[in-house]
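Structure data (mmCIF, C-alpha atoms) from structure-v7.cif:
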data_model
loop_
_atom_site.label_atom_id
_atom_site.label_comp_id
_atom_site.auth_asym_id
_atom_site.auth_seq_id
_atom_site.Cartn_x
_atom_site.Cartn_y
_atom_site.Cartn_z
CA MET A 1 45.48 19.64 82.75
CA SER A 2 41.73 19.18 83.04
CA GLY A 3 39.88 17.68 80.09
CA ASP A 4 37.80 20.85 79.82
CA ALA A 5 40.89 22.79 78.79
CA GLY A 6 40.63 21.25 75.34
CA ALA A 7 43.72 21.34 73.21
CA ILE A 8 45.89 23.33 75.61
CA ASP A 9 49.13 21.46 76.30
CA GLN A 10 50.11 22.45 79.84
CA ALA A 11 53.65 21.12 79.51
CA ALA A 12 54.25 23.24 76.39
CA LEU A 13 52.50 26.34 77.70
CA ALA A 14 54.29 26.56 81.05
CA PRO A 15 57.83 27.38 79.79
CA TYR A 16 56.38 29.82 77.24
CA LEU A 17 54.59 31.80 79.96
CA GLU A 18 57.64 31.73 82.21
CA ALA A 19 59.67 33.23 79.35
CA HIS A 20 57.13 35.95 78.48
CA ILE A 21 55.47 37.03 81.74
CA PRO A 22 57.67 38.51 84.50
CA ASP A 23 57.70 36.45 87.71
CA PHE A 24 55.41 33.76 86.25
CA THR A 25 56.43 30.35 87.54
CA GLY A 26 55.11 26.87 88.27
CA LEU A 27 51.96 26.42 86.16
CA PHE A 28 50.13 23.41 87.58
CA ALA A 29 46.44 23.67 86.56
CA ILE A 30 44.32 24.88 83.64
CA GLU A 31 40.55 25.08 84.02
CA LYS A 32 38.12 26.33 81.37
CA PHE A 33 35.47 28.78 82.54
CA LYS A 34 31.97 27.50 81.80
CA SER A 35 30.36 30.82 80.92
CA GLY A 36 29.49 31.03 77.24
CA GLN A 37 31.98 33.36 75.65
CA SER A 38 32.83 32.89 71.99
CA ASN A 39 36.51 33.16 72.90
CA PRO A 40 37.41 30.27 75.25
CA THR A 41 38.65 31.54 78.61
CA TYR A 42 40.75 29.64 81.13
CA LEU A 43 41.87 29.99 84.73
CA LEU A 44 45.59 29.35 85.09
CA THR A 45 46.82 28.35 88.52
CA ALA A 46 50.57 28.61 89.12
CA ALA A 47 52.98 28.79 92.01
CA SER A 48 53.19 32.55 91.32
CA GLY A 49 49.41 33.04 91.54
CA ARG A 50 46.27 32.87 89.42
CA TYR A 51 45.88 34.28 85.91
CA VAL A 52 43.29 34.32 83.14
CA LEU A 53 44.05 33.20 79.56
CA ARG A 54 41.64 34.08 76.74
CA ALA A 55 42.20 32.48 73.34
CA LYS A 56 40.80 32.25 69.87
CA PRO A 57 38.73 29.09 69.35
CA PRO A 58 40.44 26.27 67.49
CA GLY A 59 39.75 25.65 63.81
CA GLN A 60 39.11 27.83 60.77
CA LEU A 61 37.69 31.24 61.72
CA LEU A 62 36.23 34.24 59.95
CA LYS A 63 38.89 36.92 59.59
CA SER A 64 36.79 39.55 61.37
CA ALA A 65 35.79 37.30 64.29
CA HIS A 66 37.47 36.32 67.56
CA GLN A 67 40.04 39.13 67.44
CA VAL A 68 41.55 38.65 70.86
CA ASP A 69 44.32 41.07 69.91
CA ARG A 70 41.71 43.86 69.72
CA GLU A 71 40.42 42.92 73.18
CA PHE A 72 43.96 43.02 74.54
CA ARG A 73 44.68 46.35 72.86
CA VAL A 74 41.58 48.14 74.15
CA MET A 75 41.99 46.94 77.75
CA GLN A 76 45.67 47.79 77.71
CA ALA A 77 44.83 51.28 76.41
CA LEU A 78 42.23 51.80 79.17
CA ALA A 79 44.68 51.10 81.99
CA GLY A 80 44.87 54.23 84.11
CA THR A 81 41.54 55.64 82.90
CA ALA A 82 38.29 55.77 84.89
CA VAL A 83 37.17 52.56 83.13
CA PRO A 84 38.10 49.56 85.31
CA VAL A 85 39.83 46.76 83.39
CA PRO A 86 42.12 43.87 84.35
CA ARG A 87 45.88 44.36 83.95
CA MET A 88 47.10 42.95 80.65
CA LEU A 89 50.19 40.74 80.96
CA HIS A 90 50.96 39.23 77.54
CA LEU A 91 49.62 38.98 73.98
CA SER A 92 50.94 36.11 71.88
CA GLY A 93 51.32 35.86 68.14
CA ASP A 94 49.58 33.14 66.13
CA GLY A 95 52.44 30.65 66.44
CA THR A 96 51.97 29.65 70.07
CA PRO A 97 52.27 26.49 72.16
CA ILE A 98 48.47 26.10 71.99
CA GLY A 99 48.29 26.66 68.22
CA ARG A 100 46.21 29.85 68.35
CA MET A 101 46.52 33.45 69.48
CA PHE A 102 45.80 34.23 73.13
CA TYR A 103 46.41 36.81 75.81
CA VAL A 104 46.96 36.58 79.55
CA MET A 105 45.59 39.03 82.09
CA GLU A 106 45.48 39.29 85.85
CA TYR A 107 42.90 37.27 87.76
CA LEU A 108 40.40 39.35 89.74
CA ASP A 109 38.30 38.05 92.61
CA GLY A 110 34.81 39.50 92.45
CA ARG A 111 31.11 39.02 91.82
CA ILE A 112 29.33 38.63 88.48
CA PHE A 113 25.57 39.14 88.57
CA TRP A 114 23.88 36.94 85.96
CA ASP A 115 20.34 38.03 86.85
CA PRO A 116 19.61 41.77 86.35
CA SER A 117 16.93 41.68 89.07
CA LEU A 118 19.83 41.07 91.49
CA PRO A 119 18.25 38.48 93.82
CA ASP A 120 21.67 37.86 95.41
CA ALA A 121 22.21 41.50 96.45
CA SER A 122 21.90 42.39 100.11
CA GLY A 123 18.84 44.59 99.58
CA ASN A 124 17.32 47.48 97.70
CA GLU A 125 20.06 49.90 98.70
CA GLU A 126 22.79 47.69 97.25
CA ARG A 127 20.74 46.98 94.14
CA ALA A 128 20.34 50.70 93.48
CA ALA A 129 24.07 51.26 94.08
CA ILE A 130 25.03 48.45 91.66
CA TYR A 131 22.96 50.02 88.89
CA ASP A 132 24.42 53.44 89.63
CA ALA A 133 27.95 52.02 89.43
CA MET A 134 27.11 50.42 86.09
CA ASN A 135 25.76 53.75 84.87
CA ALA A 136 28.89 55.60 86.01
CA THR A 137 31.14 53.08 84.26
CA LEU A 138 29.24 53.50 80.99
CA ALA A 139 29.52 57.30 81.20
CA ALA A 140 33.24 57.00 81.98
CA LEU A 141 33.74 54.71 78.97
CA HIS A 142 32.07 57.18 76.62
CA ASP A 143 34.11 60.06 78.07
CA VAL A 144 37.45 58.38 77.27
CA ASP A 145 39.62 60.54 75.01
CA VAL A 146 40.37 57.99 72.28
CA ASP A 147 43.22 60.11 70.88
CA ALA A 148 44.91 60.36 74.28
CA VAL A 149 44.79 56.58 74.86
CA GLY A 150 45.94 55.71 71.36
CA LEU A 151 42.66 54.34 69.98
CA SER A 152 41.87 56.94 67.32
CA ASP A 153 42.17 54.22 64.64
CA PHE A 154 40.10 51.61 66.53
CA GLY A 155 37.11 52.02 64.19
CA ARG A 156 35.63 54.23 61.51
CA PRO A 157 34.20 57.45 62.96
CA GLY A 158 30.92 58.90 61.73
CA SER A 159 27.69 57.49 60.20
CA TYR A 160 27.79 54.65 62.72
CA PHE A 161 24.12 53.65 62.61
CA GLU A 162 23.94 53.91 58.84
CA ARG A 163 26.92 51.58 58.42
CA GLN A 164 25.72 49.20 61.13
CA LEU A 165 22.22 48.98 59.66
CA SER A 166 23.67 48.11 56.25
CA ARG A 167 26.05 45.54 57.70
CA TRP A 168 23.53 43.75 59.91
CA THR A 169 20.79 43.84 57.28
CA SER A 170 23.15 42.08 54.86
CA GLN A 171 24.07 39.51 57.50
CA TYR A 172 20.43 38.95 58.42
CA ARG A 173 19.42 38.44 54.80
CA ALA A 174 22.32 36.02 54.28
CA SER A 175 21.20 33.89 57.24
CA GLU A 176 17.42 34.30 56.83
CA THR A 177 15.54 30.99 57.08
CA GLU A 178 11.96 32.24 56.84
CA THR A 179 10.10 35.50 56.31
CA ILE A 180 9.41 37.30 59.58
CA ALA A 181 7.05 40.17 58.88
CA ASP A 182 8.03 42.10 62.01
CA MET A 183 11.71 41.97 61.01
CA ASP A 184 10.95 43.22 57.51
CA ARG A 185 8.89 46.04 58.98
CA LEU A 186 11.62 46.89 61.50
CA ILE A 187 14.32 47.08 58.82
CA ALA A 188 12.13 49.32 56.64
CA TRP A 189 11.31 51.58 59.61
CA LEU A 190 14.97 51.97 60.56
CA GLU A 191 15.88 52.84 56.97
CA THR A 192 13.24 55.58 56.78
CA HIS A 193 13.82 56.98 60.29
CA MET A 194 17.63 57.15 60.23
CA PRO A 195 18.61 60.29 62.19
CA ALA A 196 21.22 62.68 60.82
CA ASP A 197 24.72 61.97 62.12
CA ASP A 198 25.23 64.20 65.16
CA GLY A 199 29.02 63.86 65.18
CA ARG A 200 29.21 61.96 68.47
CA VAL A 201 32.02 59.38 68.42
CA SER A 202 33.27 57.41 71.40
CA LEU A 203 34.73 54.08 72.33
CA VAL A 204 31.79 51.68 72.55
CA HIS A 205 31.80 48.29 74.25
CA GLY A 206 29.27 46.65 71.92
CA ASP A 207 27.85 44.21 74.50
CA TYR A 208 27.35 46.38 77.56
CA ARG A 209 25.48 44.22 80.08
CA LEU A 210 25.48 43.63 83.80
CA ASP A 211 26.95 40.14 83.38
CA ASN A 212 29.91 41.48 81.38
CA MET A 213 31.28 43.28 84.41
CA MET A 214 32.74 42.21 87.72
CA PHE A 215 31.93 43.85 91.03
CA ALA A 216 33.97 43.93 94.21
CA PRO A 217 33.26 41.01 96.59
CA ASP A 218 32.01 43.27 99.35
CA ALA A 219 30.91 46.53 97.72
CA PRO A 220 28.72 47.76 94.82
CA LYS A 221 31.81 48.83 92.89
CA VAL A 222 32.76 47.80 89.34
CA ILE A 223 36.29 46.37 89.36
CA ALA A 224 36.39 45.18 85.73
CA LEU A 225 34.48 45.62 82.49
CA LEU A 226 35.02 42.43 80.48
CA ASP A 227 34.36 40.81 77.07
CA TRP A 228 35.46 43.54 74.66
CA GLU A 229 35.13 41.42 71.51
CA LEU A 230 32.61 43.79 69.86
CA SER A 231 34.26 47.04 70.92
CA THR A 232 34.97 49.74 68.34
CA LEU A 233 34.62 53.46 67.75
CA GLY A 234 30.93 54.22 67.41
CA HIS A 235 28.00 56.14 68.77
CA PRO A 236 27.68 56.16 72.57
CA PHE A 237 23.89 55.90 72.47
CA ALA A 238 24.26 52.46 70.86
CA ASP A 239 25.68 51.09 74.14
CA LEU A 240 23.07 52.86 76.26
CA ALA A 241 20.14 51.69 74.11
CA TYR A 242 21.50 48.13 73.93
CA GLN A 243 21.61 47.95 77.70
CA CYS A 244 18.09 49.37 78.07
CA MET A 245 16.83 47.03 75.35
CA GLN A 246 18.20 44.05 77.30
CA TRP A 247 16.06 45.10 80.27
CA ARG A 248 12.91 45.19 78.12
CA LEU A 249 13.31 41.51 77.25
CA PRO A 250 11.37 38.94 79.30
CA HIS A 251 12.84 38.05 82.68
CA ALA A 252 11.50 34.50 82.58
CA SER A 253 13.61 33.55 79.55
CA GLY A 254 17.16 32.89 78.46
CA PHE A 255 17.54 36.62 77.88
CA ARG A 256 17.54 37.47 81.61
CA GLY A 257 15.78 40.77 80.98
CA LEU A 258 13.70 42.84 83.38
CA GLY A 259 10.41 42.52 81.49
CA GLY A 260 7.67 41.84 84.07
CA VAL A 261 9.90 42.72 87.05
CA ASP A 262 8.60 45.36 89.50
CA ARG A 263 11.68 47.56 89.39
CA ALA A 264 10.53 50.01 92.06
CA ALA A 265 9.83 47.22 94.56
CA ALA A 266 13.31 45.76 93.92
CA GLY A 267 15.08 49.10 94.26
CA LEU A 268 16.03 49.23 90.57
CA PRO A 269 15.88 52.46 88.56
CA SER A 270 13.34 52.96 85.81
CA GLU A 271 14.70 53.16 82.27
CA GLU A 272 13.86 56.88 82.17
CA ALA A 273 15.70 57.54 85.43
CA TYR A 274 18.73 55.52 84.31
CA VAL A 275 18.98 57.44 81.02
CA THR A 276 18.54 60.77 82.83
CA VAL A 277 21.42 60.01 85.21
CA TYR A 278 23.64 58.95 82.30
CA CYS A 279 22.87 62.21 80.49
CA ARG A 280 23.63 64.25 83.61
CA ARG A 281 26.96 62.51 84.03
CA ARG A 282 27.89 63.27 80.44
CA GLY A 283 26.54 66.80 80.28
CA ILE A 284 23.83 65.90 77.75
CA GLU A 285 20.54 67.78 77.94
CA ALA A 286 18.37 65.03 76.44
CA ILE A 287 18.42 62.22 73.87
CA ASP A 288 16.38 62.79 70.75
CA ASN A 289 15.33 59.79 68.63
CA TRP A 290 15.42 57.39 71.61
CA THR A 291 12.90 55.11 69.89
CA PHE A 292 15.25 54.76 66.91
CA PHE A 293 18.21 53.79 69.10
CA LEU A 294 16.12 51.21 70.97
CA ALA A 295 14.63 49.82 67.76
CA PHE A 296 18.11 49.50 66.27
CA ALA A 297 19.28 47.59 69.37
CA PHE A 298 16.40 45.10 68.96
CA PHE A 299 17.20 44.71 65.26
CA ARG A 300 20.92 44.10 65.85
CA LEU A 301 20.23 41.48 68.53
CA ALA A 302 17.71 39.72 66.29
CA ALA A 303 20.19 39.67 63.40
CA ILE A 304 22.87 38.18 65.67
CA CYS A 305 20.47 35.50 66.91
CA GLN A 306 19.43 34.65 63.35
CA GLY A 307 23.07 34.15 62.40
CA VAL A 308 23.62 31.77 65.33
CA TYR A 309 20.48 29.86 64.37
CA ARG A 310 21.56 29.54 60.75
CA ARG A 311 24.96 28.19 61.80
CA ALA A 312 23.15 25.61 63.94
CA LEU A 313 21.09 24.49 60.97
CA ASP A 314 24.27 24.28 58.89
CA GLY A 315 25.90 22.15 61.58
CA ASN A 316 28.55 24.69 62.58
CA ALA A 317 27.32 25.80 66.00
CA SER A 318 29.30 24.75 69.07
CA ASN A 319 26.05 24.03 70.95
CA PRO A 320 23.37 23.10 68.34
CA GLU A 321 20.46 22.65 70.77
CA LYS A 322 21.07 26.00 72.44
CA ALA A 323 21.57 27.64 69.05
CA LYS A 324 18.14 26.50 67.89
CA THR A 325 16.55 28.45 70.73
CA TYR A 326 18.07 31.54 69.14
CA GLY A 327 15.93 30.95 66.07
CA GLN A 328 12.80 31.01 68.21
CA ALA A 329 14.06 34.20 69.86
CA VAL A 330 14.26 36.15 66.61
CA GLU A 331 10.47 36.30 66.28
CA LEU A 332 10.10 37.39 69.93
CA ILE A 333 12.68 40.16 69.59
CA ALA A 334 11.11 41.40 66.34
CA MET A 335 7.66 41.36 67.97
CA LEU A 336 8.90 43.45 70.91
CA ALA A 337 10.42 45.93 68.46
CA ALA A 338 7.12 46.11 66.55
CA GLU A 339 5.30 46.88 69.82
CA LEU A 340 7.82 49.67 70.44
CA LEU A 341 7.11 51.17 67.01
CA ASP A 342 3.35 50.87 67.55
CA ARG A 343 3.58 52.77 70.85
CA LYS A 344 5.68 55.43 69.11
CA ASN A 345 3.03 55.83 66.45
#
Can you turn what I pasted into structure tokens?
Amino acid sequence: MSGDAGAIDQAALAPYLEAHIPDFTGLFAIEKFKSGQSNPTYLLTAASGRYVLRAKPPGQLLKSAHQVDREFRVMQALAGTAVPVPRMLHLSGDGTPIGRMFYVMEYLDGRIFWDPSLPDASGNEERAAIYDAMNATLAALHDVDVDAVGLSDFGRPGSYFERQLSRWTSQYRASETETIADMDRLIAWLETHMPADDGRVSLVHGDYRLDNMMFAPDAPKVIALLDWELSTLGHPFADLAYQCMQWRLPHASGFRGLGGVDRAAAGLPSEEAYVTVYCRRRGIEAIDNWTFFLAFAFFRLAAICQGVYRRALDGNASNPEKAKTYGQAVELIAMLAAELLDRKN
């Protein structure tokens, strides 16, 4: 077992997997993936092939966090739908050979694009096709019949933005380290511009980004949508606005946005064109209150970053130096949201 695999005891895990996963045999290597997920993820190499194990982190955890069983459940439910997900193989209980809950899924060989400007794509035609495939996957996700796949109880339907605004405002206030005027203004604006609930409810991913999906090695085709930790029943425009908000962030930063990138020259769709195609796929005439949905996405991201920063100051972050950069990001995100509101007005 590699040292990066942390507390996983390969000798104890191997017989457990052989007993619980059909045809699994001969585990001989465990390697932790380096990408920064909050739930540690490992590549298992065995005589019977390669697999992926995703586990809760070790130690005391918040009850509502790191629910790998929810990730397993949603991906298992989506098998056979138009949303591409890996095949789920096993979900453990809490009493496991590694001392924490985990699940095992199939290993897929594909490409993950970490930079949304797609410098590694073969050209403008492939870049455009990658974005169209991402758009089609999002529309397919929001078209899933949650009753038919057994996810009707996966979240609370209705009043999604109202509940989310209340929740994230409380979390932001609890982790606030200084007064940020743009954040206070943003929260007040969202409270006074809350649109009436339109009754739309769908399965939402919660962190819908280019780097949370895997593409085929040789084609602009999505083969897996990953990292479902924040998934729930919610409003579909939350996913769409979150993705578009990501692209408004600076490209020359840790956010990997598209701010400052000449999209047309790179073969990438404009935000307006991307939203229009999504609406056409879903049979929606237009999206009212787009500024609200975007502003909410900025607010939610800022609140998340503030929480990470506060944990760093309290000494609980897994990577304190990186976490401190999140504190600096809160002001930037709030400023971008303020500029959005100023343009609206």
### Message
Please expand the PyMOL selection byres ((chain A and resi 175-183) around 10) into the concrete residues it hits in this file, giving the result as number ranges by chain.
### Response
A: 169-174, 184-189, 298-299, 302-311, 313, 327, 330-339
### Message
Could you tell me, as a list of chain:residue names, exactly which residues end up selected when the PyMOL selection byres ((chain A and resi 101-115) around 6) is applied to this structure?
### Response
A:Arg50, A:Tyr51, A:Val52, A:Leu53, A:Arg54, A:Ala55, A:Lys56, A:Pro86, A:Arg87, A:Met88, A:Leu89, A:His90, A:Leu91, A:Ser92, A:Gly93, A:Asp94, A:Arg100, A:Pro116, A:Ser117, A:Leu118, A:Asp211, A:Met214, A:Phe215, A:Ala216, A:Pro217, A:Arg256
### Picked residues, the PyMOL selection byres ((chain A and resi 194-204) around 8), expected as a PyMOL selection string
chain A and resi 141-146+157-162+190-193+205-206+231-236+238-239+289+292
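Between Ala82 (chain A) and the candidates A:Ala129, A:Leu44, A:Ile98, A:Ala224, the tightest atom-to-atom separation, counting only C-alpha atoms, involves A:Ala224.
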### Best match for closeness to Leu230 (chain A) among A:Phe24, A:Tyr208, A:Pro84, A:Ala29, counting all atoms listed in the file
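The shortest atom-to-atom distance to Leu230 (chain A) comes from A:Tyr208.
Atom pair CA of His251 (chain A) / CA of Arg263 (chain A) has a distance of 11.7 Å (rounded to one decimal).
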### Query
With only C-alpha atoms as the atoms that count, which of A:Leu151, A:Leu249, A:Leu165, A:Leu13 lies nearest to Thr25 (chain A)?
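Counting only C-alpha atoms, the residue closest to Thr25 (chain A) is A:Leu13.
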### Message
If I take CA of Phe237 (chain A) and CA of Ala297 (chain A), how far is one from the other in Å, to one decimal?
### Response
10.0 Å
## Note on the structure
Among A:Tyr42, A:Phe154, A:Trp228, A:Trp247, Tyr274 (chain A) is approached most closely, using all atoms listed in the file, by A:Trp247
### Query
So which residues fall inside 8 Å of (25.8, 49.7, 79.8) if we count only C-alpha atoms? Mind giving them as a list in words?
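Looking at atoms near the point gives Met134, Asn135, Thr137, Leu138, Asp207, Tyr208, Arg209, Leu210, Asp239, Leu240, Tyr242, Gln243 and Cys244 of chain A.
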### Query
By how many Å are CA of Ala139 (chain A) and CA of Arg127 (chain A) apart?
18.7 Å
#### Entry: Residue with smallest distance to Phe293 (chain A) - pool A:Ala121, A:Ala241, A:Val277, A:Val83, counting only C-alpha atoms
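Comparing A:Ala121, A:Ala241, A:Val277, A:Val83 against Phe293 (chain A), the winner is A:Ala241.
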### Nearest to Glu229 (chain A) by atom-to-atom distance, counting all atoms listed in the file, from A:Glu71, A:Asp23, A:Glu126, A:Glu31
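Under the stated criterion, the closest residue is A:Glu71.
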